[in-house]
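Taking it in order: structure first as structure tokens, then the write-up.
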Amino acid sequence: MQRKGIEAVTDKEGRHVSVAEPETNDRKSKEAKSAGDGHAEMAAAQDLRARLGERTIVLVGMMGGGKSSVGRQLAARLKLPFVDADTEIEQAANMTVEEIFHRQGESYFRAGEHRVIARLLGQGPQVLATGGGAYMNADTRRLIAQSGVSVWLRADFDTLFDRVSRRTNRPLLQNPDPAGVLRRLMEQREPVYAEVDISVDSRNVPHEQVVSEVVVAMNAHLRENDDR
């Protein structure tokens with residue numbers, strides 16, 4: 001059996017010999033860069049984890065912004081628990097978010113959402129993904145500022161609408177004009193989202209890239225503010 005990376009050749013007397021395949025400089029360069037990037041990402045994650053202490057990373061932003069998908073990968077990189085506030089609300093109410101909206105109304109849902117997030121903030125360190133309207137509550141914003149670091153995953157209208165159009169469980173978009181509703185919600189919410197500690201653009205790139213940008217931005221923010 002021929003070993004990987006070994007080339008079988010024949011000498012001038014017809015005998016089989018083996019020599020190592022030469023590695024190209026390009027392959028060596030790519031492998032070195034990949035290893036270097038991996039070490040840098042690991043070091044940045046360890047630095048952030050140490051600086052975070054017992055605080056919760058709170059992801060905010062519009063529906064379709066990638067809070068759950070990016071949040072899971074961010075938690076994995078930092079070796080922290082991931083918690084989805086909407087899932088916790090559904091478990092507490094024994095109903096889906098859509099059912100709560102339809103049976104009890106949005107005001108009832110928002111009150112329960114605030115209570116659940118207040119409870120979860122005391123369980124850090126962790127990565128917490130919140131619903132699109134959660135950060136609009138002034139009391140919730142105050143609690144997040146006290147116990148967490150807020151990160152807005154910011155996305156443009158086209159990106160958001162493309163993502164949310166693939167799902168049918170968005171109560172606020174169950175409307176004859178979902179695009180118009182989404183635009184109005186963005187106009188109402190984005191000035192409030194802008195109060196967060198950190199903003200990172202969520203766009204159609206691999207989630208790992210957005211996660212890396214969140215880690216870099218959070219390290220810079222915590223280094224600047226905690227070292228004062």
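Residues in the structure tokens are named by chain (A, B, ... in the order shown) and by number from 1 within that chain; ligands are numbered from 1 in the order shown.
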Excluding Gly64 (chain A) and its own-chain neighbours fewer than 5 positions away, which residues fall within 6 Å of it when counting only C-alpha atoms? Please give them as a PDB file with C-alpha atoms, in the first residue's frame.
```
ATOM      1  CA  LEU A 160     -33.928  40.758   6.449  1.00  0.00           C
ATOM      2  CA  ARG A 163     -34.601  35.686   5.385  1.00  0.00           C
ATOM      3  CA  VAL A 164     -37.971  36.201   7.080  1.00  0.00           C
TER       4      VAL A 164
END
```
Residues flagged strand (DSSP E or B) by DSSP in region 125-167 of chain A, as a PyMOL selection string: chain A and resi 126-129+148-154
File of the preceding selection, N, CA and C atoms, as a PDB file, in the first residue's frame:
```pdb
ATOM      1  N   GLN A 126     -23.174  33.767  29.529  1.00  0.00           N
ATOM      2  CA  GLN A 126     -23.881  33.016  28.505  1.00  0.00           C
ATOM      3  C   GLN A 126     -24.054  33.922  27.291  1.00  0.00           C
ATOM      4  N   VAL A 127     -24.554  33.345  26.214  1.00  0.00           N
ATOM      5  CA  VAL A 127     -24.955  34.123  25.039  1.00  0.00           C
ATOM      6  C   VAL A 127     -26.470  34.038  24.956  1.00  0.00           C
ATOM      7  N   LEU A 128     -27.135  35.187  24.960  1.00  0.00           N
ATOM      8  CA  LEU A 128     -28.594  35.249  24.984  1.00  0.00           C
ATOM      9  C   LEU A 128     -29.111  35.946  23.730  1.00  0.00           C
ATOM     10  N   ALA A 129     -29.907  35.238  22.944  1.00  0.00           N
ATOM     11  CA  ALA A 129     -30.564  35.821  21.779  1.00  0.00           C
ATOM     12  C   ALA A 129     -31.952  36.284  22.191  1.00  0.00           C
ATOM     13  N   GLY A 148     -25.148  42.817  31.368  1.00  0.00           N
ATOM     14  CA  GLY A 148     -24.708  42.233  30.108  1.00  0.00           C
ATOM     15  C   GLY A 148     -23.938  43.196  29.234  1.00  0.00           C
ATOM     16  N   VAL A 149     -23.597  42.691  28.066  1.00  0.00           N
ATOM     17  CA  VAL A 149     -23.007  43.484  26.995  1.00  0.00           C
ATOM     18  C   VAL A 149     -23.906  43.287  25.780  1.00  0.00           C
ATOM     19  N   SER A 150     -24.451  44.367  25.261  1.00  0.00           N
ATOM     20  CA  SER A 150     -25.436  44.269  24.179  1.00  0.00           C
ATOM     21  C   SER A 150     -24.767  44.396  22.820  1.00  0.00           C
ATOM     22  N   VAL A 151     -25.194  43.537  21.891  1.00  0.00           N
ATOM     23  CA  VAL A 151     -24.652  43.502  20.534  1.00  0.00           C
ATOM     24  C   VAL A 151     -25.813  43.521  19.546  1.00  0.00           C
ATOM     25  N   TRP A 152     -25.830  44.537  18.697  1.00  0.00           N
ATOM     26  CA  TRP A 152     -26.858  44.633  17.658  1.00  0.00           C
ATOM     27  C   TRP A 152     -26.323  43.993  16.389  1.00  0.00           C
ATOM     28  N   LEU A 153     -26.992  42.938  15.924  1.00  0.00           N
ATOM     29  CA  LEU A 153     -26.688  42.346  14.631  1.00  0.00           C
ATOM     30  C   LEU A 153     -27.524  43.096  13.602  1.00  0.00           C
ATOM     31  N   ARG A 154     -26.885  44.025  12.945  1.00  0.00           N
ATOM     32  CA  ARG A 154     -27.560  44.985  12.064  1.00  0.00           C
ATOM     33  C   ARG A 154     -27.583  44.452  10.631  1.00  0.00           C
TER      34      ARG A 154
END
```
Give me the residues near region 65-69 of chain A as a PyMOL selection string, where near means some atom within 12 Å (using only C-alpha atoms) and where sequence neighbours in that chain fewer than 6 positions away do not count. chain A and resi 57-59+75-76+82-87+127-132+150-164+186+199-208+210-211+214
Can I get the selection written as a compact mmCIF listing (two decimals), in the first residue's frame, with N, CA and C atoms?
```txt
# COMPACT_ATOMS: atom_id res chain seq x y z
N ILE A 57 -23.73 38.02 27.16
CA ILE A 57 -23.71 38.65 25.84
C ILE A 57 -25.13 38.62 25.31
N VAL A 58 -25.73 39.79 25.11
CA VAL A 58 -27.13 39.87 24.70
C VAL A 58 -27.20 40.32 23.24
N LEU A 59 -27.70 39.46 22.38
CA LEU A 59 -27.84 39.77 20.97
C LEU A 59 -29.21 40.37 20.71
N ALA A 75 -21.46 31.21 21.02
CA ALA A 75 -21.41 30.48 22.28
C ALA A 75 -20.45 29.30 22.20
N ALA A 76 -20.48 28.59 21.08
CA ALA A 76 -19.59 27.44 20.91
C ALA A 76 -18.13 27.89 20.92
N PHE A 82 -25.70 28.70 25.25
CA PHE A 82 -26.52 29.54 24.40
C PHE A 82 -27.97 29.43 24.85
N VAL A 83 -28.62 30.57 24.97
CA VAL A 83 -30.02 30.60 25.41
C VAL A 83 -30.81 31.47 24.44
N ASP A 84 -31.96 30.98 24.01
CA ASP A 84 -32.86 31.75 23.15
C ASP A 84 -34.05 32.19 23.99
N ALA A 85 -34.24 33.49 24.12
CA ALA A 85 -35.30 34.02 24.98
C ALA A 85 -36.68 33.55 24.53
N ASP A 86 -36.92 33.51 23.22
CA ASP A 86 -38.23 33.07 22.74
C ASP A 86 -38.51 31.62 23.12
N THR A 87 -37.49 30.78 23.05
CA THR A 87 -37.66 29.39 23.46
C THR A 87 -38.01 29.29 24.94
N VAL A 127 -24.55 33.35 26.21
CA VAL A 127 -24.96 34.12 25.04
C VAL A 127 -26.47 34.04 24.96
N LEU A 128 -27.14 35.19 24.96
CA LEU A 128 -28.59 35.25 24.98
C LEU A 128 -29.11 35.95 23.73
N ALA A 129 -29.91 35.24 22.94
CA ALA A 129 -30.56 35.82 21.78
C ALA A 129 -31.95 36.28 22.19
N THR A 130 -32.27 37.55 21.92
CA THR A 130 -33.57 38.10 22.29
C THR A 130 -34.44 38.31 21.05
N GLY A 131 -35.73 38.43 21.28
CA GLY A 131 -36.66 38.71 20.19
C GLY A 131 -36.50 40.14 19.70
N GLY A 132 -37.02 40.39 18.50
CA GLY A 132 -36.81 41.69 17.87
C GLY A 132 -37.36 42.87 18.65
N SER A 150 -24.45 44.37 25.26
CA SER A 150 -25.44 44.27 24.18
C SER A 150 -24.77 44.40 22.82
N VAL A 151 -25.19 43.54 21.89
CA VAL A 151 -24.65 43.50 20.53
C VAL A 151 -25.81 43.52 19.55
N TRP A 152 -25.83 44.54 18.70
CA TRP A 152 -26.86 44.63 17.66
C TRP A 152 -26.32 43.99 16.39
N LEU A 153 -26.99 42.94 15.92
CA LEU A 153 -26.69 42.35 14.63
C LEU A 153 -27.52 43.10 13.60
N ARG A 154 -26.88 44.03 12.94
CA ARG A 154 -27.56 44.98 12.06
C ARG A 154 -27.58 44.45 10.63
N ALA A 155 -28.75 44.53 10.00
CA ALA A 155 -28.88 44.05 8.62
C ALA A 155 -29.79 45.00 7.84
N ASP A 156 -29.58 45.07 6.53
CA ASP A 156 -30.41 45.94 5.71
C ASP A 156 -31.74 45.27 5.40
N PHE A 157 -32.65 46.06 4.82
CA PHE A 157 -34.00 45.57 4.58
C PHE A 157 -34.01 44.35 3.66
N ASP A 158 -33.27 44.40 2.56
CA ASP A 158 -33.31 43.30 1.60
C ASP A 158 -32.85 41.99 2.23
N THR A 159 -31.80 42.06 3.04
CA THR A 159 -31.31 40.85 3.70
C THR A 159 -32.35 40.31 4.67
N LEU A 160 -32.92 41.20 5.47
CA LEU A 160 -33.93 40.76 6.45
C LEU A 160 -35.16 40.17 5.77
N PHE A 161 -35.66 40.86 4.76
CA PHE A 161 -36.90 40.40 4.13
C PHE A 161 -36.69 39.07 3.42
N ASP A 162 -35.53 38.90 2.80
CA ASP A 162 -35.23 37.62 2.17
C ASP A 162 -35.24 36.49 3.19
N ARG A 163 -34.68 36.73 4.36
CA ARG A 163 -34.60 35.69 5.39
C ARG A 163 -35.96 35.40 6.00
N VAL A 164 -36.70 36.44 6.39
CA VAL A 164 -37.97 36.20 7.08
C VAL A 164 -39.03 35.66 6.14
N MET A 186 -38.51 48.51 11.29
CA MET A 186 -37.11 48.94 11.24
C MET A 186 -36.99 50.43 11.57
N SER A 199 -22.22 47.29 17.64
CA SER A 199 -23.00 46.95 16.44
C SER A 199 -22.11 46.22 15.45
N VAL A 200 -22.62 45.14 14.88
CA VAL A 200 -21.89 44.36 13.88
C VAL A 200 -22.85 44.07 12.73
N ASP A 201 -22.38 44.23 11.52
CA ASP A 201 -23.23 44.01 10.35
C ASP A 201 -23.46 42.52 10.12
N SER A 202 -24.73 42.15 10.00
CA SER A 202 -25.12 40.79 9.66
C SER A 202 -25.50 40.79 8.19
N ARG A 203 -24.79 40.02 7.39
CA ARG A 203 -25.05 39.97 5.97
C ARG A 203 -24.81 38.55 5.47
N ASN A 204 -24.94 38.35 4.18
CA ASN A 204 -24.87 37.01 3.63
C ASN A 204 -23.42 36.57 3.43
N VAL A 205 -22.75 36.34 4.54
CA VAL A 205 -21.41 35.78 4.57
C VAL A 205 -21.46 34.60 5.55
N PRO A 206 -20.46 33.74 5.58
CA PRO A 206 -20.48 32.64 6.55
C PRO A 206 -20.63 33.16 7.98
N HIS A 207 -21.43 32.46 8.78
CA HIS A 207 -21.66 32.89 10.15
C HIS A 207 -20.36 33.00 10.93
N GLU A 208 -19.39 32.14 10.61
CA GLU A 208 -18.11 32.18 11.31
C GLU A 208 -17.44 33.55 11.18
N VAL A 210 -19.02 36.51 10.80
CA VAL A 210 -19.73 37.45 11.68
C VAL A 210 -19.34 37.21 13.13
N VAL A 211 -19.22 35.94 13.53
CA VAL A 211 -18.80 35.60 14.89
C VAL A 211 -17.44 36.21 15.18
N VAL A 214 -17.77 39.86 15.78
CA VAL A 214 -18.34 40.13 17.11
C VAL A 214 -17.27 40.01 18.18
```
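Secondary structure of region 151-189 of chain A, helix (DSSP H, G or I) only (DSSP, backbone atoms): Phe157, Asp158, Thr159, Leu160, Phe161, Asp162, Arg163, Val164, Pro171, Leu172, Leu173, Pro178, Ala179, Gly180, Val181, Leu182, Arg183, Arg184, Leu185, Met186, Glu187, Gln188 and Arg189 of chain A.
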Just want the 10 Å neighbourhood of Arg223 (chain A), counted on only C-alpha atoms, with same-chain residues fewer than 5 positions away dropped. Output as a PDB file with N, CA and C atoms, in the first residue's frame.
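Output file part35.pdb follows:
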```pdb
ATOM      1  N   ASP A  47      -9.430  35.602  25.366  1.00  0.00           N
ATOM      2  CA  ASP A  47      -9.335  36.956  25.915  1.00  0.00           C
ATOM      3  C   ASP A  47     -10.722  37.494  26.244  1.00  0.00           C
ATOM      4  N   LEU A  48     -11.659  37.308  25.324  1.00  0.00           N
ATOM      5  CA  LEU A  48     -13.024  37.785  25.552  1.00  0.00           C
ATOM      6  C   LEU A  48     -13.672  37.060  26.714  1.00  0.00           C
ATOM      7  N   ARG A  51     -12.388  38.533  29.909  1.00  0.00           N
ATOM      8  CA  ARG A  51     -12.858  39.898  30.160  1.00  0.00           C
ATOM      9  C   ARG A  51     -14.354  39.941  30.483  1.00  0.00           C
ATOM     10  N   ALA A 217     -14.888  43.018  18.010  1.00  0.00           N
ATOM     11  CA  ALA A 217     -15.548  44.245  18.465  1.00  0.00           C
ATOM     12  C   ALA A 217     -15.767  44.238  19.975  1.00  0.00           C
ATOM     13  N   MET A 218     -16.149  43.080  20.522  1.00  0.00           N
ATOM     14  CA  MET A 218     -16.382  42.989  21.964  1.00  0.00           C
ATOM     15  C   MET A 218     -15.083  43.141  22.742  1.00  0.00           C
ATOM     16  N   ARG A 228     -10.623  51.418  32.096  1.00  0.00           N
ATOM     17  CA  ARG A 228     -10.621  52.841  32.514  1.00  0.00           C
ATOM     18  C   ARG A 228     -10.429  52.954  34.028  1.00  0.00           C
TER      19      ARG A 228
END
```
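Note that the spacing between CA of Asn94 (chain A) and CA of Val60 (chain A) amounts to 23.9 Å.
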